[in-house]
Every structure is written in structure tokens, then in C-alpha cells.
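Okay, so here's the structure we're looking at.
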Amino acid sequence: MNSNTFRMPAAVLLATGAMALLTAPPAAATGGGGAGAGGEGKAGAVVLRAGLDVGLLNKTVHVPLEATLNEVSAPATAEKTALTVTLDGVEGNRPVSVLRADVATSKATADKNRAEAEANLAKATVHVPGLPLLSLVEVEKVTSKAVCEAGRKPVASANVLGKVTALGKKVTLSAGGPTKLEVPGVGVVHLELSGTQTTSTTAAAAALRLKVSVNPLNLNVAQVEGEIVLAEAHCETPAGPAPSSAPPAANPDIKPQAGTGTGSGSAIASGVTADANLAETGGGSLTPYVAGGALFLLGIGGVALLVTRRGRAS
């Protein structure tokens, strides 16, 4: 099982003044018109993004936990399925398994015509410090996708499939707004379902966003607050040419046909003039010349016949 491990000594964090809640902002769609700067589009995805503040019981300190799993920028793919984080003074300095999943993939591609990103998570369990036996949330499947194509409106989609369990209880999510789950003695979790945002040049999607506020009072953890985002994707439209909508060119092997048939006289192929069919009715641009030549020859024949008759008579 793959894992990412981070160690954050509390003393160092205090020295740098990291006492406030540190939350990694989700990638949001913002209309900046920057797609034309580099020519190619931009895309990125992440399976999990966590920004939490962990308060300790035996110390008046707050330890920030910032972590991501499978965060990629185009072109890239990632398929790690586990994320562990080690925080000093938390759970006996043992690693905290933030996420475990059967499937956790992210992918991003971009060129001069199209930018696309997607994130997928299946059979996933998320934990926070102080609650090693009780999962913060369990999901069967969540997906997000963002597509930005030159000449087309960006598209973002996100889905939460199957059941969702938070703090050990089944949750029914609503598209109308965040769902609040409160467990006495443990805390409160707000779950926001499938958020998407698009502008004329950008798209962003997040399958599930959790605002966390729990007080486990266990394993030296007094309070955990912050945000966790599952399956996030975003893209920016490239400055490439728009897809062509012109009809396909005519088959070059098809050649114009001469009007030599015995049909009704209608035009058969492109480029054939109306004169091509007039030969069937005796009309055309050469008709006067043919008639004149015939009369001339007839006149010569008559003169020759007259001369011959006079010769015999004499």
C-alpha cells in the first residue's frame, strides 16, 4: 500500500507562528482570461485535500495538518491509495491514517486544443487525529471531472454514488445545501455535496466537501477543526483554434459526368452546362454553322448538275 508521510514538530510550528487554522484552499474556477498566455490549457486534480487544525490536550498548541493525496498537474497521473500523516504529540507519535481506499486515481491532460482533469475515489475511509476507531466519513464512490476545450463552454461534473457514512451514521445528502451531522460527545460535521463552478474559460468540481469540528478528548487530542475535500478537478481553456464545424469536403474521386444519356435532359453532375443536353433535341451553339454548311454544299451540287446538263445538250 502506498503512503505519504509528513512530520511536523510542534516546536517548529510555534517558532514560525503557525497558530491559526491552516486550510488548503480548493482549486476554484476564476475568470482571469489567462488561457491565452501560454497557448496550452491547464488542468489539475487531487483525490484528497486536507486542511485541519489539531489542538492538543497536554499543550496549549495547535498543530496544523495539511496534506494531499494524488495531486497532479497536466500532464500527469497518480494512483496511490493510502495517506498517512505523523504529528508530534498526537496519538503517541504514531502515524495517523488519514485516508485508505480501494481506488484513488487522478489524471490531468492538456494541449493547445483541450484541457481535462478527473479524480476518482472508491471504497474510501477518512480518519482524523483522536478518532482512530471511528471514521470521519466513509464513501462508496465519488468522482469529479472538468473539461475545457477551445471554442466551447467549459464543463464540470461531480458525483457521489452509493451510501455515505459520517461519524458512524448513514447520511442522506441534499443538493440544496450542506448536510449537518452532530454526534454528542464527538462533534459536528457539515457535508456539502457535489459542488461545481464554471466561467467562460474555466471549470472546477469537487465531489464532497466536509467542514469538520470534532472534540474527541482522546489520545491527547482536544479539538480538530478544518476542511477536507474529496475528488477535486479543475481546468483552464487553451487558446487553440475552435473545432471546425464545416461540412466534410466532397469526395475527390467523383468526377463530373457528361450529358450523353438519353434521359429527360436534366443536369447530371456539377459543372455540366445546360448546352450538354441540347444535343438530344437538335439545338445548340453549333446548329447555325452546321445548317449553313449544308446549304453551301447543296448549292455547289446544283451548279455542277446544271453545267453537266448543258455540256450534253451541245
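Quick note on naming: the chains in the C-alpha cells go A, B, ... in the order shown, residues restart at 1 in each chain, and ligands are numbered from 1 in order of appearance.
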Using DSSP on the backbone coordinates, identify the residues of stretch 122-157 of chain A assigned to strand (DSSP E); present them as an mmCIF file with all heavy atoms, in the first residue's frame.
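Result file follows (result.cif):
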```cif
data_model
loop_
_atom_site.group_PDB
_atom_site.id
_atom_site.type_symbol
_atom_site.label_atom_id
_atom_site.label_comp_id
_atom_site.auth_asym_id
_atom_site.auth_seq_id
_atom_site.Cartn_x
_atom_site.Cartn_y
_atom_site.Cartn_z
ATOM 1 N N ALA A 122 -12.908 5.289 -4.563
ATOM 2 C CA ALA A 122 -13.881 4.223 -4.316
ATOM 3 C C ALA A 122 -13.518 3.463 -3.048
ATOM 4 O O ALA A 122 -12.342 3.231 -2.763
ATOM 5 C CB ALA A 122 -13.928 3.264 -5.506
ATOM 6 N N LYS A 123 -14.556 3.089 -2.307
ATOM 7 C CA LYS A 123 -14.404 2.345 -1.052
ATOM 8 C C LYS A 123 -13.375 3.039 -0.150
ATOM 9 O O LYS A 123 -12.366 2.452 0.253
ATOM 10 C CB LYS A 123 -13.976 0.907 -1.334
ATOM 11 C CG LYS A 123 -14.955 0.095 -2.154
ATOM 12 C CD LYS A 123 -16.241 -0.193 -1.395
ATOM 13 C CE LYS A 123 -17.180 -1.076 -2.197
ATOM 14 N NZ LYS A 123 -18.463 -1.328 -1.484
ATOM 15 N N ALA A 124 -13.660 4.282 0.174
ATOM 16 C CA ALA A 124 -12.692 5.113 0.902
ATOM 17 C C ALA A 124 -13.155 5.396 2.326
ATOM 18 O O ALA A 124 -14.349 5.572 2.589
ATOM 19 C CB ALA A 124 -12.482 6.427 0.163
ATOM 20 N N THR A 125 -12.179 5.449 3.225
ATOM 21 C CA THR A 125 -12.422 5.775 4.632
ATOM 22 C C THR A 125 -11.466 6.887 5.051
ATOM 23 O O THR A 125 -10.258 6.787 4.825
ATOM 24 C CB THR A 125 -12.196 4.547 5.532
ATOM 25 O OG1 THR A 125 -13.076 3.495 5.116
ATOM 26 C CG2 THR A 125 -12.477 4.887 6.990
ATOM 27 N N VAL A 126 -12.020 7.947 5.654
ATOM 28 C CA VAL A 126 -11.230 9.094 6.091
ATOM 29 C C VAL A 126 -11.241 9.157 7.618
ATOM 30 O O VAL A 126 -12.307 9.071 8.242
ATOM 31 C CB VAL A 126 -11.785 10.404 5.509
ATOM 32 C CG1 VAL A 126 -10.961 11.598 6.001
ATOM 33 C CG2 VAL A 126 -11.788 10.352 3.980
ATOM 34 N N VAL A 137 -15.588 9.920 7.773
ATOM 35 C CA VAL A 137 -16.523 9.687 6.675
ATOM 36 C C VAL A 137 -16.105 8.449 5.903
ATOM 37 O O VAL A 137 -14.914 8.134 5.807
ATOM 38 C CB VAL A 137 -16.591 10.922 5.737
ATOM 39 C CG1 VAL A 137 -15.269 11.133 5.022
ATOM 40 C CG2 VAL A 137 -17.719 10.791 4.723
ATOM 41 N N GLU A 138 -17.096 7.721 5.389
ATOM 42 C CA GLU A 138 -16.867 6.585 4.501
ATOM 43 C C GLU A 138 -17.732 6.777 3.260
ATOM 44 O O GLU A 138 -18.907 7.129 3.366
ATOM 45 C CB GLU A 138 -17.230 5.265 5.183
ATOM 46 C CG GLU A 138 -16.366 4.933 6.393
ATOM 47 C CD GLU A 138 -16.744 3.614 7.025
ATOM 48 O OE1 GLU A 138 -17.419 2.796 6.337
ATOM 49 O OE2 GLU A 138 -16.394 3.384 8.192
ATOM 50 N N VAL A 139 -17.149 6.560 2.084
ATOM 51 C CA VAL A 139 -17.884 6.732 0.825
ATOM 52 C C VAL A 139 -17.661 5.509 -0.046
ATOM 53 O O VAL A 139 -16.598 4.885 -0.021
ATOM 54 C CB VAL A 139 -17.441 8.005 0.074
ATOM 55 C CG1 VAL A 139 -17.789 9.253 0.880
ATOM 56 C CG2 VAL A 139 -15.948 7.975 -0.235
ATOM 57 N N GLU A 140 -18.676 5.181 -0.840
ATOM 58 C CA GLU A 140 -18.538 4.069 -1.781
ATOM 59 C C GLU A 140 -17.831 4.509 -3.050
ATOM 60 O O GLU A 140 -16.916 3.853 -3.527
ATOM 61 C CB GLU A 140 -19.917 3.494 -2.119
ATOM 62 C CG GLU A 140 -20.536 2.709 -0.983
ATOM 63 C CD GLU A 140 -21.730 1.893 -1.433
ATOM 64 O OE1 GLU A 140 -21.922 1.718 -2.647
ATOM 65 O OE2 GLU A 140 -22.468 1.422 -0.556
ATOM 66 N N LYS A 141 -18.249 5.658 -3.617
ATOM 67 C CA LYS A 141 -17.593 6.146 -4.823
ATOM 68 C C LYS A 141 -17.896 7.625 -5.014
ATOM 69 O O LYS A 141 -19.043 8.045 -4.926
ATOM 70 C CB LYS A 141 -18.050 5.363 -6.056
ATOM 71 C CG LYS A 141 -17.310 5.737 -7.335
ATOM 72 C CD LYS A 141 -17.731 4.857 -8.507
ATOM 73 C CE LYS A 141 -16.955 5.203 -9.764
ATOM 74 N NZ LYS A 141 -17.342 4.350 -10.923
ATOM 75 N N VAL A 142 -16.845 8.395 -5.299
ATOM 76 C CA VAL A 142 -17.012 9.803 -5.653
ATOM 77 C C VAL A 142 -16.128 10.096 -6.863
ATOM 78 O O VAL A 142 -15.024 9.568 -6.995
ATOM 79 C CB VAL A 142 -16.645 10.752 -4.488
ATOM 80 C CG1 VAL A 142 -17.632 10.621 -3.355
ATOM 81 C CG2 VAL A 142 -15.236 10.493 -3.984
ATOM 82 N N THR A 143 -16.639 10.921 -7.770
ATOM 83 C CA THR A 143 -15.895 11.270 -8.980
ATOM 84 C C THR A 143 -16.086 12.737 -9.303
ATOM 85 O O THR A 143 -17.136 13.317 -9.021
ATOM 86 C CB THR A 143 -16.376 10.437 -10.191
ATOM 87 O OG1 THR A 143 -17.741 10.768 -10.479
ATOM 88 C CG2 THR A 143 -16.267 8.953 -9.915
ATOM 89 N N SER A 144 -15.077 13.330 -9.909
ATOM 90 C CA SER A 144 -15.163 14.704 -10.403
ATOM 91 C C SER A 144 -14.441 14.788 -11.739
ATOM 92 O O SER A 144 -13.439 14.110 -11.958
ATOM 93 C CB SER A 144 -14.536 15.691 -9.418
ATOM 94 O OG SER A 144 -15.350 15.849 -8.287
ATOM 95 N N LYS A 145 -14.952 15.668 -12.620
ATOM 96 C CA LYS A 145 -14.339 15.839 -13.928
ATOM 97 C C LYS A 145 -14.537 17.267 -14.404
ATOM 98 O O LYS A 145 -15.599 17.855 -14.212
ATOM 99 C CB LYS A 145 -14.962 14.859 -14.933
ATOM 100 C CG LYS A 145 -14.270 14.822 -16.288
ATOM 101 C CD LYS A 145 -14.836 13.709 -17.157
ATOM 102 C CE LYS A 145 -14.100 13.601 -18.485
ATOM 103 N NZ LYS A 145 -14.622 12.495 -19.318
ATOM 104 N N ALA A 146 -13.495 17.820 -15.031
ATOM 105 C CA ALA A 146 -13.553 19.163 -15.611
ATOM 106 C C ALA A 146 -12.949 19.116 -17.004
ATOM 107 O O ALA A 146 -11.857 18.572 -17.193
ATOM 108 C CB ALA A 146 -12.803 20.158 -14.732
ATOM 109 N N VAL A 147 -13.659 19.684 -17.984
ATOM 110 C CA VAL A 147 -13.210 19.678 -19.375
ATOM 111 C C VAL A 147 -13.278 21.102 -19.918
ATOM 112 O O VAL A 147 -14.327 21.749 -19.852
ATOM 113 C CB VAL A 147 -14.072 18.747 -20.250
ATOM 114 C CG1 VAL A 147 -13.584 18.770 -21.695
ATOM 115 C CG2 VAL A 147 -14.053 17.325 -19.705
ATOM 116 N N CYS A 148 -12.154 21.584 -20.456
ATOM 117 C CA CYS A 148 -12.079 22.908 -21.067
ATOM 118 C C CYS A 148 -11.535 22.742 -22.484
ATOM 119 O O CYS A 148 -10.365 22.388 -22.660
ATOM 120 C CB CYS A 148 -11.162 23.826 -20.256
ATOM 121 S SG CYS A 148 -11.729 24.150 -18.571
ATOM 122 N N GLU A 149 -12.374 23.001 -23.470
ATOM 123 C CA GLU A 149 -12.000 22.823 -24.868
ATOM 124 C C GLU A 149 -12.111 24.146 -25.602
ATOM 125 O O GLU A 149 -13.074 24.902 -25.408
ATOM 126 C CB GLU A 149 -12.912 21.782 -25.518
ATOM 127 C CG GLU A 149 -12.485 21.377 -26.914
ATOM 128 C CD GLU A 149 -13.299 20.202 -27.450
ATOM 129 O OE1 GLU A 149 -14.161 19.695 -26.699
ATOM 130 O OE2 GLU A 149 -13.071 19.789 -28.593
ATOM 131 N N VAL A 155 -16.971 22.587 -19.008
ATOM 132 C CA VAL A 155 -17.955 21.718 -18.363
ATOM 133 C C VAL A 155 -17.333 21.113 -17.105
ATOM 134 O O VAL A 155 -16.190 20.655 -17.120
ATOM 135 C CB VAL A 155 -18.395 20.585 -19.315
ATOM 136 C CG1 VAL A 155 -19.382 19.650 -18.619
ATOM 137 C CG2 VAL A 155 -19.023 21.170 -20.578
ATOM 138 N N ALA A 156 -18.100 21.107 -16.012
ATOM 139 C CA ALA A 156 -17.657 20.494 -14.757
ATOM 140 C C ALA A 156 -18.753 19.578 -14.238
ATOM 141 O O ALA A 156 -19.942 19.916 -14.313
ATOM 142 C CB ALA A 156 -17.322 21.561 -13.721
ATOM 143 N N SER A 157 -18.367 18.415 -13.721
ATOM 144 C CA SER A 157 -19.346 17.480 -13.166
ATOM 145 C C SER A 157 -18.747 16.777 -11.963
ATOM 146 O O SER A 157 -17.538 16.560 -11.888
ATOM 147 C CB SER A 157 -19.774 16.448 -14.217
ATOM 148 O OG SER A 157 -18.661 15.673 -14.643
#
```
Can you check which parts of stretch 72-108 of chain A lie within 9 Å of stretch 112-119 of chain A? Per residue, the shortest pair of atoms and distance in Å to one decimal, counting only C-alpha atoms, sorted by chain and number, as a Markdown table.
```
| residue | atom | partner | partner_atom | distance |
| --- | --- | --- | --- | --- |
| A:Ser73 | CA | A:Ala117 | CA | 8.6 |
| A:Ala74 | CA | A:Ala117 | CA | 7.9 |
| A:Ala104 | CA | A:Ala119 | CA | 7.7 |
| A:Thr105 | CA | A:Ala119 | CA | 5.8 |
| A:Ser106 | CA | A:Ala119 | CA | 4.3 |
| A:Lys107 | CA | A:Glu118 | CA | 5.5 |
| A:Ala108 | CA | A:Ala117 | CA | 4.2 |
```
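Distance-wise, atom CA of A:Lys211 and atom CA of A:Asp102 end up 23.8 Å apart.
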How many Å separate atom CA of A:Ala166 from atom CA of A:Asn58?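 Spanning atom CA of A:Ala166 to atom CA of A:Asn58 is a straight-line distance of 27.7 Å.
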Which of these, A:Ala110, A:Val63, A:Ala158, A:Leu219, has the shortest distance to A:Glu40 once you count only C-alpha atoms?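 Distance minimum relative to A:Glu40 lands on A:Ala110.
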Find the spatial neighbours of stretch 47-57 of chain A, counting only C-alpha atoms, within a cut-off of 9 Å - ignore same-chain residues fewer than 3 positions away - and output them as a short mmCIF file (atom, residue, chain, number, x, y, z; two decimals) with N, CA and C atoms, in the first residue's frame.
```cif
data_model
loop_
_atom_site.label_atom_id
_atom_site.label_comp_id
_atom_site.auth_asym_id
_atom_site.auth_seq_id
_atom_site.Cartn_x
_atom_site.Cartn_y
_atom_site.Cartn_z
N MET A 19 -0.09 29.34 14.41
CA MET A 19 -1.03 29.07 15.48
C MET A 19 -2.48 29.06 14.99
N ALA A 20 -2.74 29.63 13.81
CA ALA A 20 -4.12 29.74 13.32
C ALA A 20 -4.46 28.54 12.46
N LEU A 21 -5.72 28.44 12.14
CA LEU A 21 -6.18 27.37 11.27
C LEU A 21 -5.60 27.53 9.89
N LEU A 22 -4.92 26.48 9.40
CA LEU A 22 -4.33 26.49 8.07
C LEU A 22 -5.14 25.57 7.19
N THR A 23 -5.84 26.15 6.26
CA THR A 23 -6.69 25.37 5.38
C THR A 23 -6.23 25.53 3.95
N ALA A 24 -5.94 24.43 3.29
CA ALA A 24 -5.53 24.49 1.89
C ALA A 24 -6.74 24.84 1.05
N PRO A 25 -6.74 25.96 0.32
CA PRO A 25 -7.91 26.35 -0.46
C PRO A 25 -8.12 25.42 -1.63
N PRO A 26 -9.38 25.06 -1.90
CA PRO A 26 -9.64 24.22 -3.06
C PRO A 26 -9.44 25.00 -4.34
N THR A 60 -0.78 23.81 25.18
CA THR A 60 -1.62 24.88 24.63
C THR A 60 -1.14 25.22 23.23
N VAL A 61 -1.14 24.22 22.37
CA VAL A 61 -0.68 24.42 21.00
C VAL A 61 -1.71 23.85 20.04
N HIS A 62 -1.64 24.32 18.82
CA HIS A 62 -2.48 23.82 17.73
C HIS A 62 -1.54 23.41 16.60
N VAL A 63 -1.65 22.17 16.18
CA VAL A 63 -0.78 21.62 15.15
C VAL A 63 -1.55 21.57 13.84
N PRO A 64 -1.10 22.30 12.82
CA PRO A 64 -1.80 22.23 11.54
C PRO A 64 -1.48 20.94 10.80
N LEU A 65 -2.49 20.38 10.20
CA LEU A 65 -2.33 19.19 9.38
C LEU A 65 -2.78 19.57 7.96
N GLU A 66 -1.82 19.67 7.09
CA GLU A 66 -2.11 19.95 5.68
C GLU A 66 -1.55 18.80 4.85
N ALA A 67 -2.38 18.18 4.08
CA ALA A 67 -1.93 17.03 3.30
C ALA A 67 -2.79 16.87 2.06
N THR A 68 -2.19 16.28 1.02
CA THR A 68 -2.91 15.96 -0.21
C THR A 68 -2.54 14.55 -0.65
N LEU A 69 -3.43 13.93 -1.39
CA LEU A 69 -3.16 12.62 -1.98
C LEU A 69 -3.44 12.70 -3.47
N ASN A 70 -2.44 12.26 -4.24
CA ASN A 70 -2.57 12.19 -5.70
C ASN A 70 -2.90 13.55 -6.32
N GLU A 71 -2.21 14.57 -5.90
CA GLU A 71 -2.40 15.88 -6.53
C GLU A 71 -1.50 15.95 -7.77
N GLY A 89 3.18 14.52 19.18
CA GLY A 89 2.27 14.73 20.31
C GLY A 89 0.87 14.23 20.06
N VAL A 90 0.62 13.61 18.93
CA VAL A 90 -0.72 13.13 18.60
C VAL A 90 -0.70 11.62 18.47
N VAL A 98 -4.95 9.00 7.46
CA VAL A 98 -5.98 9.96 7.07
C VAL A 98 -6.93 9.35 6.04
N LEU A 99 -6.40 8.62 5.06
CA LEU A 99 -7.25 8.04 4.02
C LEU A 99 -6.76 6.66 3.63
N ALA A 104 -8.00 5.06 -5.79
CA ALA A 104 -7.77 6.50 -5.63
C ALA A 104 -6.89 6.96 -6.78
N THR A 105 -7.50 7.53 -7.81
CA THR A 105 -6.76 7.92 -9.01
C THR A 105 -7.06 9.36 -9.38
N SER A 106 -6.08 9.99 -9.97
CA SER A 106 -6.25 11.34 -10.52
C SER A 106 -5.49 11.43 -11.83
N ALA A 119 -10.81 13.03 -11.10
CA ALA A 119 -10.39 12.36 -9.88
C ALA A 119 -11.45 11.35 -9.49
N ASN A 120 -11.00 10.17 -9.02
CA ASN A 120 -11.91 9.08 -8.67
C ASN A 120 -11.48 8.45 -7.36
N LEU A 121 -12.48 8.14 -6.54
CA LEU A 121 -12.22 7.55 -5.23
C LEU A 121 -13.31 6.51 -4.97
N VAL A 128 -9.50 11.26 11.23
CA VAL A 128 -8.83 12.44 11.75
C VAL A 128 -8.16 12.07 13.07
N PRO A 129 -7.13 12.82 13.48
CA PRO A 129 -6.45 12.51 14.75
C PRO A 129 -7.42 12.49 15.93
N VAL A 212 -15.21 20.23 9.28
CA VAL A 212 -15.07 19.35 10.44
C VAL A 212 -14.89 20.16 11.71
N LEU A 217 -11.38 14.39 22.70
CA LEU A 217 -10.82 14.29 24.06
C LEU A 217 -10.20 12.92 24.29
N ASN A 218 -9.46 12.46 23.29
CA ASN A 218 -8.87 11.13 23.35
C ASN A 218 -7.51 11.17 22.67
N LEU A 219 -6.59 10.36 23.16
CA LEU A 219 -5.26 10.25 22.56
C LEU A 219 -4.61 11.62 22.44
N ASN A 220 -4.77 12.44 23.48
CA ASN A 220 -4.15 13.76 23.59
C ASN A 220 -4.67 14.76 22.55
N VAL A 221 -5.83 14.49 22.01
CA VAL A 221 -6.43 15.41 21.04
C VAL A 221 -7.67 16.05 21.66
N ALA A 222 -7.67 17.37 21.73
CA ALA A 222 -8.79 18.09 22.32
C ALA A 222 -9.78 18.57 21.27
N GLN A 223 -9.30 18.98 20.13
CA GLN A 223 -10.17 19.56 19.12
C GLN A 223 -9.54 19.39 17.74
N VAL A 224 -10.39 19.12 16.73
CA VAL A 224 -9.96 19.06 15.34
C VAL A 224 -10.96 19.89 14.53
N GLU A 225 -10.44 20.90 13.83
CA GLU A 225 -11.29 21.75 13.01
C GLU A 225 -10.65 21.98 11.65
N GLY A 226 -11.49 22.20 10.65
CA GLY A 226 -10.95 22.49 9.33
C GLY A 226 -11.82 21.93 8.22
N GLU A 227 -11.18 21.61 7.09
CA GLU A 227 -11.92 21.19 5.90
C GLU A 227 -11.19 20.06 5.20
N ILE A 228 -11.97 19.15 4.65
CA ILE A 228 -11.45 18.06 3.84
C ILE A 228 -12.26 18.01 2.54
N VAL A 229 -11.57 17.92 1.40
CA VAL A 229 -12.22 17.86 0.10
C VAL A 229 -11.85 16.54 -0.56
N LEU A 230 -12.85 15.87 -1.11
CA LEU A 230 -12.64 14.60 -1.80
C LEU A 230 -12.94 14.77 -3.29
N ALA A 231 -12.02 14.27 -4.11
CA ALA A 231 -12.19 14.23 -5.58
C ALA A 231 -12.43 15.62 -6.13
N GLU A 232 -11.35 16.30 -6.44
CA GLU A 232 -11.41 17.67 -6.95
C GLU A 232 -10.71 17.73 -8.31
N ALA A 233 -11.31 18.47 -9.27
CA ALA A 233 -10.73 18.62 -10.61
C ALA A 233 -10.97 20.04 -11.09
#
```
Give me, as a tab-separated table, each residue of stretch 43-136 of chain A that comes within 12 Å of stretch 183-192 of chain A, together with its shortest interatomic pair and the distance in Å at one decimal, counting only C-alpha atoms, with rows ordered by chain and rising residue number.
```
residue	atom	partner	partner_atom	distance
A:Val128	CA	A:Val186	CA	11.9
A:Gly130	CA	A:Val186	CA	10.1
A:Leu131	CA	A:Val186	CA	9.0
A:Leu134	CA	A:Val186	CA	9.8
A:Ser135	CA	A:Val186	CA	11.5
A:Leu136	CA	A:Val189	CA	8.3
```
Selected residues written out with all heavy atoms, as a short mmCIF file (atom, residue, chain, number, x, y, z; two decimals), in the first residue's frame:
```
data_model
loop_
_atom_site.label_atom_id
_atom_site.label_comp_id
_atom_site.auth_asym_id
_atom_site.auth_seq_id
_atom_site.Cartn_x
_atom_site.Cartn_y
_atom_site.Cartn_z
N VAL A 128 -9.50 11.26 11.23
CA VAL A 128 -8.83 12.44 11.75
C VAL A 128 -8.16 12.07 13.07
O VAL A 128 -8.54 11.08 13.70
CB VAL A 128 -9.81 13.62 11.96
CG1 VAL A 128 -10.38 14.09 10.64
CG2 VAL A 128 -10.92 13.24 12.93
N GLY A 130 -7.22 11.54 16.83
CA GLY A 130 -8.04 11.42 18.03
C GLY A 130 -9.22 10.49 17.88
O GLY A 130 -9.87 10.14 18.87
N LEU A 131 -9.53 10.08 16.66
CA LEU A 131 -10.64 9.16 16.41
C LEU A 131 -10.15 7.99 15.55
O LEU A 131 -10.58 7.80 14.42
CB LEU A 131 -11.78 9.87 15.69
CG LEU A 131 -12.52 10.95 16.48
CD1 LEU A 131 -13.52 11.66 15.58
CD2 LEU A 131 -13.23 10.36 17.69
N LEU A 134 -13.18 5.41 14.98
CA LEU A 134 -14.40 5.94 14.38
C LEU A 134 -14.03 6.78 13.17
O LEU A 134 -13.31 7.78 13.28
CB LEU A 134 -15.16 6.81 15.40
CG LEU A 134 -16.48 7.43 14.92
CD1 LEU A 134 -17.48 6.34 14.56
CD2 LEU A 134 -17.04 8.36 15.99
N SER A 135 -14.51 6.37 12.01
CA SER A 135 -14.15 7.09 10.79
C SER A 135 -14.93 8.41 10.71
O SER A 135 -16.09 8.49 11.10
CB SER A 135 -14.45 6.23 9.55
OG SER A 135 -15.82 5.90 9.50
N LEU A 136 -14.25 9.42 10.19
CA LEU A 136 -14.90 10.70 9.96
C LEU A 136 -15.96 10.55 8.86
O LEU A 136 -17.10 11.00 9.00
CB LEU A 136 -13.88 11.77 9.56
CG LEU A 136 -14.46 13.13 9.21
CD1 LEU A 136 -15.04 13.81 10.44
CD2 LEU A 136 -13.40 14.01 8.56
#
```
From the list A:Lys169, A:Lys163, A:His234, A:Lys153, which residue is nearest A:Thr199 when using only C-alpha atoms?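 Of the candidates, the smallest distance to A:Thr199 is held by A:Lys153.
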Which is closest to A:Ser194 among A:Thr237, A:Asn159, A:Thr179, A:Asn215, if we use only C-alpha atoms? A:Asn159
